[in-house]
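> Input file: run-v1.txt. Contents: compact mmCIF, C-alpha atoms and all ligand atoms.
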```
# COMPACT_ATOMS: atom_id res chain seq x y z
CA MET E 1 2.23 -13.98 -29.14
CA THR E 2 1.48 -15.28 -25.66
CA ASN E 3 0.30 -18.84 -25.36
CA PRO E 4 -3.35 -18.65 -24.24
CA TYR E 5 -3.34 -21.88 -22.22
CA HIS E 6 -2.14 -22.46 -18.70
CA TYR E 7 -1.44 -25.55 -16.64
CA GLY E 8 0.30 -26.57 -13.42
CA THR E 9 -1.05 -23.84 -11.15
CA PRO E 10 -4.54 -22.51 -10.42
CA VAL E 11 -6.29 -20.60 -13.19
CA SER E 12 -8.55 -17.57 -13.10
CA GLY E 13 -10.30 -15.15 -15.43
CA ASP E 14 -10.47 -16.24 -19.06
CA GLN E 15 -8.39 -19.32 -18.31
CA PHE E 16 -11.14 -20.74 -16.14
CA ALA E 17 -13.88 -22.70 -17.95
CA GLY E 18 -17.34 -23.85 -16.91
CA ARG E 19 -18.07 -24.94 -13.32
CA GLU E 20 -21.02 -22.51 -13.07
CA VAL E 21 -23.11 -24.92 -11.01
CA GLU E 22 -20.32 -25.87 -8.60
CA LEU E 23 -19.27 -22.27 -8.23
CA LYS E 24 -22.76 -21.10 -7.39
CA ALA E 25 -23.23 -23.93 -4.90
CA LEU E 26 -19.92 -23.28 -3.18
CA GLU E 27 -20.29 -19.52 -3.02
CA GLN E 28 -23.83 -19.76 -1.66
CA ARG E 29 -22.73 -22.10 1.10
CA MET E 30 -19.83 -19.85 2.02
CA ARG E 31 -22.29 -16.98 2.33
CA ASP E 32 -24.71 -19.06 4.39
CA GLY E 33 -22.17 -20.30 6.93
CA ILE E 34 -22.42 -23.90 5.75
CA ASN E 35 -19.41 -26.19 5.97
CA VAL E 36 -18.28 -27.83 2.73
CA VAL E 37 -15.75 -30.45 1.79
CA VAL E 38 -14.50 -30.20 -1.79
CA THR E 39 -12.84 -33.35 -3.04
CA ALA E 40 -11.36 -34.31 -6.37
CA PRO E 41 -8.25 -36.07 -7.57
CA ARG E 42 -5.16 -33.97 -8.25
CA ARG E 43 -5.35 -31.30 -10.93
CA TYR E 44 -9.12 -31.30 -11.41
CA GLY E 45 -9.35 -27.64 -10.47
CA LYS E 46 -10.11 -27.53 -6.74
CA THR E 47 -7.93 -24.54 -5.93
CA SER E 48 -9.09 -22.64 -9.02
CA LEU E 49 -12.70 -23.15 -7.99
CA LEU E 50 -12.01 -22.17 -4.38
CA THR E 51 -10.16 -19.06 -5.48
CA ARG E 52 -13.03 -17.97 -7.68
CA ALA E 53 -15.65 -18.61 -5.02
CA ILE E 54 -13.54 -16.72 -2.47
CA ALA E 55 -13.20 -13.78 -4.87
CA GLY E 56 -17.00 -13.66 -5.22
CA VAL E 57 -17.56 -13.68 -1.46
CA VAL E 58 -14.82 -11.10 -0.84
CA ALA E 59 -16.18 -8.79 -3.56
CA ASP E 60 -19.41 -8.65 -1.58
CA GLY E 61 -17.65 -7.74 1.64
CA GLY E 62 -17.17 -11.23 3.09
CA ALA E 63 -14.15 -12.09 5.25
CA VAL E 64 -12.09 -15.10 4.21
CA VAL E 65 -9.07 -16.84 5.72
CA SER E 66 -7.55 -19.22 3.20
CA VAL E 67 -4.57 -21.40 4.05
CA ASN E 68 -2.83 -24.12 2.08
CA VAL E 69 -2.08 -26.86 4.59
CA LEU E 70 0.76 -28.25 2.46
CA ALA E 71 2.60 -24.95 2.84
CA CYS E 72 2.58 -25.31 6.64
CA ARG E 73 5.67 -26.96 8.04
CA ASP E 74 4.09 -27.55 11.41
CA ILE E 75 1.18 -26.52 13.57
CA SER E 76 2.88 -23.29 14.60
CA SER E 77 3.14 -22.32 10.95
CA LEU E 78 -0.57 -23.11 10.47
CA ALA E 79 -1.42 -20.86 13.41
CA SER E 80 0.84 -18.08 12.05
CA ARG E 81 -0.71 -18.24 8.60
CA MET E 82 -4.25 -18.30 9.91
CA ALA E 83 -3.61 -15.28 12.12
CA THR E 84 -1.90 -13.33 9.33
CA ALA E 85 -4.70 -14.15 6.87
CA ALA E 86 -7.37 -13.22 9.43
CA TYR E 87 -5.79 -9.83 9.93
CA ALA E 88 -5.51 -9.24 6.19
CA ALA E 89 -9.06 -10.40 5.40
CA LYS E 90 -10.75 -7.74 3.28
CA GLY E 91 -14.06 -8.06 5.08
CA GLY E 92 -12.28 -7.91 8.43
CA ARG E 93 -11.80 -4.63 10.20
CA TRP E 94 -8.09 -4.61 10.91
CA HIS E 95 -6.08 -4.22 7.75
CA ARG E 96 -7.61 -0.86 6.88
CA VAL E 97 -6.44 0.92 9.98
CA ARG E 98 -2.80 1.73 10.62
CA GLN E 99 -1.80 0.66 14.12
CA ALA E 100 -4.52 -2.02 14.14
CA ALA E 101 -1.90 -4.75 14.46
CA ALA E 102 -1.40 -3.97 18.16
CA GLU E 103 -5.13 -4.24 18.81
CA PHE E 104 -5.30 -7.46 16.80
CA VAL E 105 -2.54 -9.01 18.91
CA THR E 106 -4.53 -8.36 22.08
CA ARG E 107 -7.26 -10.56 20.63
CA LEU E 108 -4.90 -13.54 20.54
CA ARG E 109 -4.26 -15.30 23.83
CA VAL E 110 -0.76 -16.26 22.69
CA SER E 111 1.48 -13.39 21.60
CA PRO E 112 3.06 -13.63 18.16
CA THR E 113 6.07 -11.78 16.90
CA VAL E 114 5.01 -9.12 14.44
CA THR E 115 7.04 -8.10 11.42
CA PHE E 116 6.00 -5.66 8.75
CA ASP E 117 6.14 -6.14 5.03
CA GLY E 118 5.45 -2.53 4.06
CA ASP E 119 2.22 -1.76 5.89
CA ALA E 120 1.15 -5.39 6.10
CA PRO E 121 1.94 -7.16 9.36
CA ARG E 122 2.92 -10.79 9.55
CA PHE E 123 2.22 -12.67 12.74
CA ALA E 124 4.52 -15.54 13.59
CA PHE E 125 4.81 -18.05 16.38
CA ALA E 126 8.01 -19.89 17.23
CA ALA E 127 8.38 -23.38 15.78
CA SER E 128 8.63 -24.53 19.38
CA LEU E 129 5.09 -23.32 20.12
CA ALA E 130 3.27 -26.02 22.11
CA ALA E 131 0.41 -27.70 20.26
CA GLU E 132 -2.10 -26.47 22.88
CA ASP E 133 -0.98 -22.90 22.29
CA ALA E 134 -1.32 -23.30 18.52
CA ASP E 135 -4.83 -24.69 19.11
CA THR E 136 -5.61 -21.60 21.18
CA VAL E 137 -4.55 -19.31 18.33
CA ILE E 138 -6.65 -21.27 15.84
CA GLU E 139 -9.61 -21.01 18.20
CA ASP E 140 -9.03 -17.27 18.60
CA VAL E 141 -9.08 -16.81 14.83
CA TYR E 142 -12.31 -18.77 14.72
CA ALA E 143 -13.81 -16.61 17.46
CA LEU E 144 -12.82 -13.41 15.60
CA PHE E 145 -14.50 -14.74 12.47
CA ASP E 146 -17.56 -15.65 14.47
CA GLU E 147 -17.84 -11.97 15.39
CA LEU E 148 -17.35 -10.90 11.78
CA ALA E 149 -20.12 -13.30 10.73
CA ALA E 150 -22.62 -11.00 12.39
CA ARG E 151 -21.91 -8.47 9.62
CA GLY E 152 -21.37 -10.63 6.56
CA PRO E 153 -20.07 -13.97 5.36
CA ALA E 154 -17.08 -15.30 7.31
CA VAL E 155 -15.24 -18.22 5.79
CA ILE E 156 -12.23 -20.32 6.77
CA VAL E 157 -10.75 -22.30 3.88
CA LEU E 158 -8.15 -25.03 4.29
CA ASP E 159 -6.83 -26.34 0.98
CA GLU E 160 -4.83 -29.60 0.76
CA PHE E 161 -6.63 -30.72 3.90
CA GLN E 162 -5.66 -34.35 3.24
CA SER E 163 -2.27 -33.43 4.73
CA ILE E 164 -3.62 -31.98 7.98
CA THR E 165 -2.68 -34.96 10.13
CA ASP E 166 0.97 -34.61 9.02
CA ILE E 167 1.13 -31.49 11.18
CA GLY E 168 -1.14 -32.64 14.01
CA GLN E 169 -3.06 -35.86 14.48
CA HIS E 170 -5.59 -34.04 16.62
CA LEU E 171 -6.35 -31.25 14.13
CA PRO E 172 -9.36 -32.87 12.40
CA GLY E 173 -10.95 -33.19 15.84
CA LEU E 174 -10.09 -29.59 16.68
CA PHE E 175 -11.71 -28.26 13.50
CA LYS E 176 -14.78 -30.38 14.11
CA ALA E 177 -15.11 -28.94 17.61
CA LEU E 178 -14.59 -25.37 16.37
CA ALA E 179 -17.06 -25.77 13.51
CA ASP E 180 -19.63 -27.01 16.03
CA ALA E 181 -18.87 -24.18 18.46
CA TYR E 182 -19.10 -21.42 15.83
CA PRO E 183 -21.91 -22.31 13.45
CA PRO E 184 -22.05 -18.99 11.54
CA VAL E 185 -18.52 -19.47 10.19
CA SER E 186 -18.34 -21.53 7.00
CA LEU E 187 -15.48 -24.02 7.10
CA VAL E 188 -14.40 -25.14 3.64
CA LEU E 189 -12.01 -28.06 3.40
CA ALA E 190 -10.54 -29.13 0.07
CA GLY E 191 -8.30 -32.02 -0.72
CA SER E 192 -7.19 -34.72 -3.10
CA ARG E 193 -6.13 -38.27 -2.25
CA GLN E 194 -9.69 -39.53 -2.02
CA HIS E 195 -8.97 -42.27 0.50
CA LEU E 196 -7.29 -39.87 2.93
CA MET E 197 -10.11 -37.35 2.66
CA GLU E 198 -12.57 -40.15 3.23
CA GLN E 199 -10.76 -41.29 6.35
CA LEU E 200 -11.04 -37.74 7.63
CA VAL E 201 -14.55 -36.76 6.67
CA ALA E 202 -16.64 -39.46 5.10
CA ASP E 203 -16.11 -42.78 6.81
CA ARG E 204 -18.31 -43.56 9.76
CA GLY E 205 -16.20 -42.80 12.82
CA ALA E 206 -14.10 -40.26 10.86
CA PRO E 207 -13.20 -37.23 12.99
CA LEU E 208 -15.14 -34.87 10.72
CA TYR E 209 -17.99 -37.25 9.90
CA GLY E 210 -21.28 -35.46 9.30
CA LEU E 211 -19.65 -32.04 9.62
CA ALA E 212 -19.94 -30.83 6.09
CA GLU E 213 -21.71 -31.10 2.83
CA ARG E 214 -19.67 -32.89 0.14
CA LEU E 215 -18.89 -31.30 -3.17
CA ALA E 216 -17.11 -33.86 -5.33
CA LEU E 217 -15.68 -32.17 -8.41
CA ASP E 218 -15.83 -34.13 -11.61
CA VAL E 219 -13.93 -33.31 -14.77
CA LEU E 220 -15.45 -30.70 -17.09
CA PRO E 221 -17.84 -31.94 -19.79
CA VAL E 222 -16.21 -32.55 -23.20
CA ASP E 223 -18.32 -29.92 -25.00
CA VAL E 224 -17.49 -27.25 -22.40
CA MET E 225 -13.80 -28.07 -22.63
CA ALA E 226 -13.82 -28.16 -26.45
CA ASP E 227 -15.52 -24.74 -26.63
CA PHE E 228 -13.05 -23.40 -24.13
CA LEU E 229 -10.04 -24.67 -26.09
CA ARG E 230 -11.32 -23.12 -29.30
CA ARG E 231 -12.10 -19.80 -27.64
CA ARG E 232 -8.66 -19.63 -26.06
CA ALA E 233 -6.90 -20.48 -29.34
CA ALA E 234 -8.77 -17.61 -30.98
CA ALA E 235 -7.90 -15.27 -28.10
CA GLY E 236 -4.26 -16.16 -28.77
CA GLY E 237 -4.68 -15.29 -32.45
CA LYS E 238 -4.96 -18.81 -33.94
CA SER E 239 -7.94 -20.87 -34.96
CA MET E 240 -8.72 -24.38 -33.74
CA ALA E 241 -11.39 -26.40 -35.52
CA LEU E 242 -13.57 -28.79 -33.53
CA PRO E 243 -11.70 -31.97 -34.60
CA ALA E 244 -8.43 -30.58 -33.22
CA ALA E 245 -10.07 -29.57 -29.94
CA THR E 246 -11.67 -32.99 -29.67
CA ARG E 247 -8.34 -34.67 -30.37
CA VAL E 248 -6.71 -32.73 -27.52
CA ILE E 249 -9.35 -34.06 -25.15
CA GLU E 250 -9.13 -37.62 -26.49
CA LEU E 251 -5.38 -37.75 -26.09
CA ALA E 252 -4.94 -35.82 -22.85
CA GLY E 253 -8.34 -35.85 -21.12
CA PRO E 254 -10.26 -35.98 -19.00
CA VAL E 255 -8.21 -34.04 -16.42
CA PRO E 256 -8.40 -30.28 -17.20
CA ASN E 257 -4.74 -29.71 -16.34
CA ASP E 258 -3.57 -32.29 -18.88
CA ILE E 259 -5.95 -30.97 -21.53
CA GLN E 260 -4.57 -27.45 -21.10
CA HIS E 261 -1.02 -28.83 -21.13
CA LEU E 262 -1.47 -30.57 -24.48
CA ALA E 263 -3.35 -27.57 -25.93
CA TYR E 264 -0.42 -25.40 -24.84
CA GLU E 265 2.07 -27.59 -26.72
CA ALA E 266 -0.12 -27.89 -29.81
CA TRP E 267 -0.74 -24.14 -29.95
CA GLY E 268 3.00 -23.54 -29.63
CA MET E 269 3.77 -25.78 -32.62
CA ALA E 270 0.96 -24.58 -34.85
CA GLY E 271 0.94 -21.97 -37.57
CA ARG E 272 -2.18 -19.83 -37.83
CA ALA E 273 -4.48 -22.80 -37.33
CA VAL E 274 -4.04 -25.52 -34.71
CA THR E 275 -4.62 -28.82 -36.52
CA VAL E 276 -5.03 -32.45 -35.47
CA ALA E 277 -1.45 -32.99 -36.65
CA ASP E 278 -0.24 -30.23 -34.32
CA VAL E 279 -2.06 -31.91 -31.44
CA GLU E 280 -0.39 -35.23 -32.18
CA GLY E 281 2.94 -33.48 -32.65
CA GLY E 282 2.46 -31.67 -29.34
CA LEU E 283 1.96 -34.96 -27.54
CA ALA E 284 5.06 -36.48 -29.13
CA LEU E 285 7.12 -33.43 -28.24
CA THR E 286 6.02 -33.42 -24.61
CA VAL E 287 6.75 -37.11 -24.23
CA GLU E 288 10.18 -36.55 -25.76
CA HIS E 289 10.94 -33.67 -23.38
CA GLU E 290 9.86 -35.67 -20.38
CA ALA E 291 11.35 -39.01 -21.47
CA SER E 292 14.25 -39.01 -19.05
CA SER E 293 12.11 -38.13 -16.04
CA TYR E 294 9.57 -40.79 -17.05
CA ALA E 295 12.38 -43.30 -17.35
CA ASP E 296 13.60 -42.39 -13.85
CA ARG E 297 10.11 -42.64 -12.44
CA PHE E 298 9.51 -46.00 -14.09
CA GLY E 299 12.93 -47.30 -13.08
CA SER E 300 12.36 -46.42 -9.44
CA LEU E 301 9.26 -48.60 -9.19
CA ALA E 302 9.28 -52.14 -7.84
CA ALA E 303 9.20 -54.79 -10.57
CA GLY E 304 5.60 -55.80 -9.77
CA GLN E 305 4.42 -52.21 -10.02
CA ARG E 306 6.14 -51.82 -13.38
CA ARG E 307 4.35 -54.89 -14.68
CA VAL E 308 0.95 -53.69 -13.54
CA LEU E 309 1.58 -50.26 -15.02
CA VAL E 310 2.56 -51.73 -18.37
CA ALA E 311 -0.49 -54.02 -18.37
CA LEU E 312 -2.78 -51.09 -17.56
CA THR E 313 -1.25 -49.03 -20.35
CA ALA E 314 -2.07 -51.75 -22.84
CA SER E 315 -5.52 -52.40 -21.40
CA PRO E 316 -7.18 -50.27 -18.76
CA THR E 317 -9.43 -52.60 -16.78
CA HIS E 318 -12.26 -52.63 -14.31
CA GLU E 319 -11.27 -56.12 -13.21
CA PRO E 320 -7.63 -55.93 -12.16
CA TYR E 321 -7.99 -59.09 -10.08
CA GLY E 322 -9.62 -61.10 -12.83
CA SER E 323 -7.56 -64.01 -14.10
CA SER E 324 -6.96 -62.59 -17.57
CA PHE E 325 -5.51 -59.30 -16.29
CA VAL E 326 -3.42 -61.09 -13.63
CA ARG E 327 -2.05 -63.45 -16.27
CA GLY E 328 -1.24 -60.46 -18.49
CA THR E 329 0.92 -58.91 -15.78
CA GLY E 330 2.97 -62.10 -15.35
CA LEU E 331 2.60 -61.78 -11.57
CA ALA E 332 2.00 -64.84 -9.43
CA ASN E 333 -1.53 -64.09 -8.27
CA ALA E 334 -4.23 -61.51 -7.63
CA SER E 335 -2.85 -60.48 -4.26
CA SER E 336 0.48 -59.52 -5.84
CA VAL E 337 -1.48 -57.38 -8.31
CA ALA E 338 -3.45 -55.88 -5.41
CA ARG E 339 -0.27 -54.89 -3.58
CA ALA E 340 1.25 -53.29 -6.66
CA LEU E 341 -1.97 -51.52 -7.52
CA GLU E 342 -2.33 -50.11 -4.04
CA ALA E 343 1.20 -48.71 -4.19
CA LEU E 344 0.58 -47.24 -7.65
CA GLN E 345 -2.64 -45.60 -6.50
CA GLY E 346 -0.94 -44.30 -3.37
CA ALA E 347 1.66 -42.64 -5.61
CA GLU E 348 -1.20 -41.37 -7.80
CA LEU E 349 0.34 -43.04 -10.86
CA VAL E 350 -2.83 -45.04 -11.33
CA VAL E 351 -6.36 -43.73 -10.75
CA ARG E 352 -9.79 -45.20 -10.94
CA ARG E 353 -12.03 -43.35 -13.38
CA GLY E 354 -15.56 -44.56 -12.99
CA THR E 355 -14.90 -48.24 -12.45
CA THR E 356 -11.80 -48.45 -14.65
CA TYR E 357 -8.20 -48.38 -13.49
CA VAL E 358 -6.02 -46.25 -15.77
CA VAL E 359 -2.57 -44.68 -15.83
CA ALA E 360 -3.22 -41.23 -14.39
CA ASP E 361 -0.90 -39.07 -16.48
CA PRO E 362 -1.67 -39.29 -20.21
CA PHE E 363 1.86 -38.17 -21.17
CA PHE E 364 3.43 -40.85 -19.01
CA ALA E 365 0.96 -43.33 -20.50
CA ALA E 366 2.03 -42.27 -24.01
CA TRP E 367 5.67 -42.78 -23.04
CA LEU E 368 4.85 -46.22 -21.65
CA THR E 369 3.12 -47.14 -24.89
CA ARG E 370 6.32 -46.31 -26.72
CA ILE E 371 8.63 -48.40 -24.57
CA VAL E 372 6.55 -51.59 -24.36
N1 LIG D 401 -12.26 -24.51 -14.56
C1 LIG D 401 -11.15 -24.77 -15.26
N2 LIG D 401 -11.07 -24.42 -16.56
C2 LIG D 401 -9.97 -24.68 -17.29
N3 LIG D 401 -8.87 -25.28 -16.80
C3 LIG D 401 -8.89 -25.65 -15.52
C4 LIG D 401 -10.02 -25.41 -14.68
N4 LIG D 401 -9.74 -25.87 -13.44
C5 LIG D 401 -8.49 -26.38 -13.50
N5 LIG D 401 -7.98 -26.26 -14.74
C6 LIG D 401 -6.65 -26.74 -15.19
O1 LIG D 401 -6.10 -27.53 -14.16
C7 LIG D 401 -4.88 -26.97 -13.66
C8 LIG D 401 -4.80 -27.19 -12.17
O2 LIG D 401 -5.82 -26.45 -11.50
P1 LIG D 401 -5.85 -26.36 -9.93
O3 LIG D 401 -4.50 -26.04 -9.41
O4 LIG D 401 -6.98 -25.48 -9.57
O5 LIG D 401 -6.24 -27.87 -9.57
P2 LIG D 401 -6.19 -28.59 -8.16
O6 LIG D 401 -7.27 -29.61 -8.20
O7 LIG D 401 -6.22 -27.60 -7.07
O8 LIG D 401 -4.77 -29.30 -8.26
P3 LIG D 401 -3.89 -29.91 -7.06
O9 LIG D 401 -4.58 -31.17 -6.68
O10 LIG D 401 -2.56 -30.14 -7.69
O11 LIG D 401 -3.87 -28.90 -5.95
C9 LIG D 401 -4.89 -25.53 -14.11
O12 LIG D 401 -3.59 -25.03 -14.33
C10 LIG D 401 -5.65 -25.62 -15.42
O13 LIG D 401 -4.79 -26.04 -16.45
MG MG D 402 -4.92 -27.27 -5.47
```
Taking this structure as input, can you express it in the form of C-alpha cells?

Amino acid sequence: MTNPYHYGTPVSGDQFAGREVELKALEQRMRDGINVVVTAPRRYGKTSLLTRAIAGVVADGGAVVSVNVLACRDISSLASRMATAAYAAKGGRWHRVRQAAAEFVTRLRVSPTVTFDGDAPRFAFAASLAAEDADTVIEDVYALFDELAARGPAVIVLDEFQSITDIGQHLPGLFKALADAYPPVSLVLAGSRQHLMEQLVADRGAPLYGLAERLALDVLPVDVMADFLRRRAAAGGKSMALPAATRVIELAGPVPNDIQHLAYEAWGMAGRAVTVADVEGGLALTVEHEASSYADRFGSLAAGQRRVLVALTASPTHEPYGSSFVRGTGLANASSVARALEALQGAELVVRRGTTYVVADPFFAAWLTRIV
C-alpha cells in the first residue's frame, strides 16, 4: 500500500487540501494582469498554491513563466531560465512550431547558446554575462509577455523571491520598473522569511513598495485539515477517526507540512485503523530517527541561543523580554535574549505565531522536551 500523505515538496491533486478562497483570488489576479506578492513562512504551501493557480491559468490558454529564484546561481542563470520558460510557455506561440527557436532568439537582444533536450530548446547565457545584458534579456522576456497579454493572461512568477538580492541588489528595482512599464503582465512574487520580503515589498521606501497586492497565506483551518487527513487515510485503505486526526494536528500543527509528516509516520505504523496511539508512536519514531541531526543542530548553536530555545520549549511566550522569561533563560538581561532570539528567528528555528514565540519545528520541539 502506498502512503497517502506527502511532505517536503509541493503537493498537487488529492494531496492538496482547502485554499479555495486563496486559489480563486490568485488565479483571478493572474488572469487580470494584477501583480501579487504571496508571503508565508516556510512550508505553509506557497509553491503548491502557485503551482495550482498556474495550472488553472495555463489550462485556459494563459502563458506563464515560473522561475525559482533559489535555483538561480547568478543573474545570468535567472535570465537563462526566464528565457527558456518563456519559450516553453504553453500559451506562448513558440514551443509548438519546430524551428521556432531561431525566431525566438532574434527576439532577444543578447544571443544565448541554444541546446536541445529532444525537441525542447534550452537557452543559456555565459556566467560571465554582464548584469546589464542579463537585465536586457529579462526585459525582452517581459516585452514578449506583454505581446502575449493581448491574447490571454500572461504571468511571470518568481518563487523564493526573498533571495533575489543574493543574485543582484538592483533586481527588485528592475522588476518594479518592468511591472510599471508592462501593466498587462501579472507579476507574482512569492517568498518566505517575512522580514526579508517586507524589506523588499512592504516597508515604506522598499524597492517594490506599492507594486502589488499582498496575499499572506495562513495555515489551513483545523477542520479542513482534519477532514483532509481522514479522507487521505481512507484513500490509502485505512480508517482514521476524528480524535486521531485531531491529535495529529495538536502534536504537529499548525504548519501543513508538519501535519502531513506526522500523518505519514502514523499511517505507516498503523494497522487497518490509525489510532491516537499510532499518532503518538509516529511522533516518537520521527524524533528518534532525527535525534542525531537535532543534537548536531542544537550543539552548533551559541549557548545563549540554546538557553532561549529550551526556555521557549518549556513555555512559549508572547513576552520574551519580560523579567520572568528572561530569568527563566538564565541570561543576563533582556538584550541578551533579544540577540539570541533574533538569531534563532533568522535561522527559522523560532517563529512568531500570532503574538507568541514558539519553536518552529514540532519534531525538534519534541526532541528538546526530551532532553531538558
Ligand atoms: N494545500 C495543502 N494541503 C495539504 N498539504 C499542504 C498544502 N500546502 C502545503 N502542504 C504541505 O506542505 C508541504 C510543503 O508545501 P510547499 O512546498 O508548497 O510549501 P512552501 O510554502 O512553498 O515551502 P517552502 O517555504 O519550503 O518553499 C507539502 O509537502 C505538504 O505536506
Ligand atoms: Mg516553496
> Considering only C-alpha atoms, return as a PyMOL selection string whatever protein or nucleic-acid residues lie within 8 Å of Gly61 of chain E, sequence-local ones (same chain, fewer than 3 positions apart) excluded.
chain E and resi 57-58+90-91+152-153
> Output C-alpha atoms for every residue in that selection, as a CSV table (one decimal), in the frame of the given file.

```csv
chain,number,residue,atom,x,y,z
E,57,VAL,CA,-17.6,-13.7,-1.5
E,58,VAL,CA,-14.8,-11.1,-0.8
E,90,LYS,CA,-10.8,-7.7,3.3
E,91,GLY,CA,-14.1,-8.1,5.1
E,152,GLY,CA,-21.4,-10.6,6.6
E,153,PRO,CA,-20.1,-14.0,5.4
```
> With distances taken over only C-alpha atoms and all ligand atoms, which of E:Ser76, E:Gln194, E:Thr136, E:Asn257 is nearest to ligand LIG 401 (chain D)?
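Once distances to ligand LIG 401 (chain D) are computed over only C-alpha atoms and all ligand atoms, the minimum belongs to E:Asn257.
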> Counting only C-alpha atoms and all ligand atoms, what are the residues, protein, DNA or RNA alike, that approach ligand LIG 401 (chain D) to within 8 Å? I want them as a VMD selection string.
chain E and resid 5 to 12 15 to 19 40 to 50 159 to 160 191 to 192 220 225 228 255 to 261
> Need to verify the contact set: segment 115-126 of chain E, 7 Å, all atoms listed in the file, exclusion of same-chain residues closer than 2 positions in sequence. Can you return it as a compact mmCIF listing (two decimals) with C-alpha atoms, in the frame of the given file?

```txt
# COMPACT_ATOMS: atom_id res chain seq x y z
CA SER E 76 2.88 -23.29 14.60
CA SER E 80 0.84 -18.08 12.05
CA ALA E 83 -3.61 -15.28 12.12
CA THR E 84 -1.90 -13.33 9.33
CA ALA E 101 -1.90 -4.75 14.46
CA PRO E 112 3.06 -13.63 18.16
CA THR E 113 6.07 -11.78 16.90
CA SER E 128 8.63 -24.53 19.38
CA LEU E 129 5.09 -23.32 20.12
```
> Calculated over only C-alpha atoms and all ligand atoms, which of the candidates E:Ala234, E:Val67, E:Glu147, E:Ala226 has the smallest distance to ligand MG 402 (chain D)?
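For ligand MG 402 (chain D), the nearest of the candidates is E:Val67.
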> Applying 12 Å and only C-alpha atoms, which residues near Gly268 of chain E remain after dropping the ones on its own chain fewer than 2 positions away? List them as a PyMOL selection string.
chain E and resi 1-5+233+236-238+261-266+270-275+278-279+281-283+285-286
> Rounded to one decimal place, report the atom CA of Val157 of chain E-atom CA of Val351 of chain E distance in Å.
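Answer for the atom CA of Val157 of chain E to atom CA of Val351 of chain E separation: 26.3 Å.
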> What gap, in Å, lies between atom CA of Ala212 of chain E and atom CA of Ile34 of chain E?
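Computed distance, atom CA of Ala212 of chain E to atom CA of Ile34 of chain E, equals 7.4 Å.
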> N, CA and C atoms are needed for segment 47-63 of chain E; please write them out as an mmCIF file, keeping the file's coordinate frame.

```
data_model
loop_
_atom_site.group_PDB
_atom_site.id
_atom_site.type_symbol
_atom_site.label_atom_id
_atom_site.label_comp_id
_atom_site.auth_asym_id
_atom_site.auth_seq_id
_atom_site.Cartn_x
_atom_site.Cartn_y
_atom_site.Cartn_z
ATOM 1 N N THR E 47 -8.407 -25.841 -6.406
ATOM 2 C CA THR E 47 -7.930 -24.540 -5.930
ATOM 3 C C THR E 47 -8.462 -23.409 -6.818
ATOM 4 N N SER E 48 -8.541 -23.664 -8.119
ATOM 5 C CA SER E 48 -9.090 -22.640 -9.020
ATOM 6 C C SER E 48 -10.527 -22.328 -8.635
ATOM 7 N N LEU E 49 -11.299 -23.363 -8.360
ATOM 8 C CA LEU E 49 -12.700 -23.150 -7.990
ATOM 9 C C LEU E 49 -12.805 -22.406 -6.655
ATOM 10 N N LEU E 50 -12.007 -22.842 -5.693
ATOM 11 C CA LEU E 50 -12.010 -22.170 -4.380
ATOM 12 C C LEU E 50 -11.679 -20.695 -4.539
ATOM 13 N N THR E 51 -10.630 -20.430 -5.323
ATOM 14 C CA THR E 51 -10.160 -19.060 -5.480
ATOM 15 C C THR E 51 -11.251 -18.174 -6.072
ATOM 16 N N ARG E 52 -11.957 -18.737 -7.047
ATOM 17 C CA ARG E 52 -13.030 -17.970 -7.680
ATOM 18 C C ARG E 52 -14.189 -17.731 -6.721
ATOM 19 N N ALA E 53 -14.543 -18.765 -5.979
ATOM 20 C CA ALA E 53 -15.650 -18.610 -5.020
ATOM 21 C C ALA E 53 -15.262 -17.587 -3.948
ATOM 22 N N ILE E 54 -14.018 -17.667 -3.488
ATOM 23 C CA ILE E 54 -13.540 -16.720 -2.470
ATOM 24 C C ILE E 54 -13.629 -15.299 -3.024
ATOM 25 N N ALA E 55 -13.186 -15.125 -4.275
ATOM 26 C CA ALA E 55 -13.200 -13.780 -4.870
ATOM 27 C C ALA E 55 -14.626 -13.236 -4.888
ATOM 28 N N GLY E 56 -15.591 -14.085 -5.186
ATOM 29 C CA GLY E 56 -17.000 -13.660 -5.220
ATOM 30 C C GLY E 56 -17.467 -13.206 -3.839
ATOM 31 N N VAL E 57 -17.120 -13.991 -2.825
ATOM 32 C CA VAL E 57 -17.560 -13.680 -1.460
ATOM 33 C C VAL E 57 -16.867 -12.390 -0.976
ATOM 34 N N VAL E 58 -15.586 -12.271 -1.274
ATOM 35 C CA VAL E 58 -14.820 -11.100 -0.840
ATOM 36 C C VAL E 58 -15.342 -9.828 -1.534
ATOM 37 N N ALA E 59 -15.685 -9.953 -2.818
ATOM 38 C CA ALA E 59 -16.180 -8.790 -3.560
ATOM 39 C C ALA E 59 -17.444 -8.236 -2.910
ATOM 40 N N ASP E 60 -18.187 -9.113 -2.248
ATOM 41 C CA ASP E 60 -19.410 -8.650 -1.580
ATOM 42 C C ASP E 60 -19.182 -8.322 -0.110
ATOM 43 N N GLY E 61 -17.925 -8.173 0.274
ATOM 44 C CA GLY E 61 -17.650 -7.740 1.640
ATOM 45 C C GLY E 61 -17.437 -8.867 2.637
ATOM 46 N N GLY E 62 -17.398 -10.111 2.176
ATOM 47 C CA GLY E 62 -17.170 -11.230 3.090
ATOM 48 C C GLY E 62 -15.720 -11.264 3.567
ATOM 49 N N ALA E 63 -15.505 -11.936 4.701
ATOM 50 C CA ALA E 63 -14.150 -12.090 5.250
ATOM 51 C C ALA E 63 -13.718 -13.536 5.069
#
```
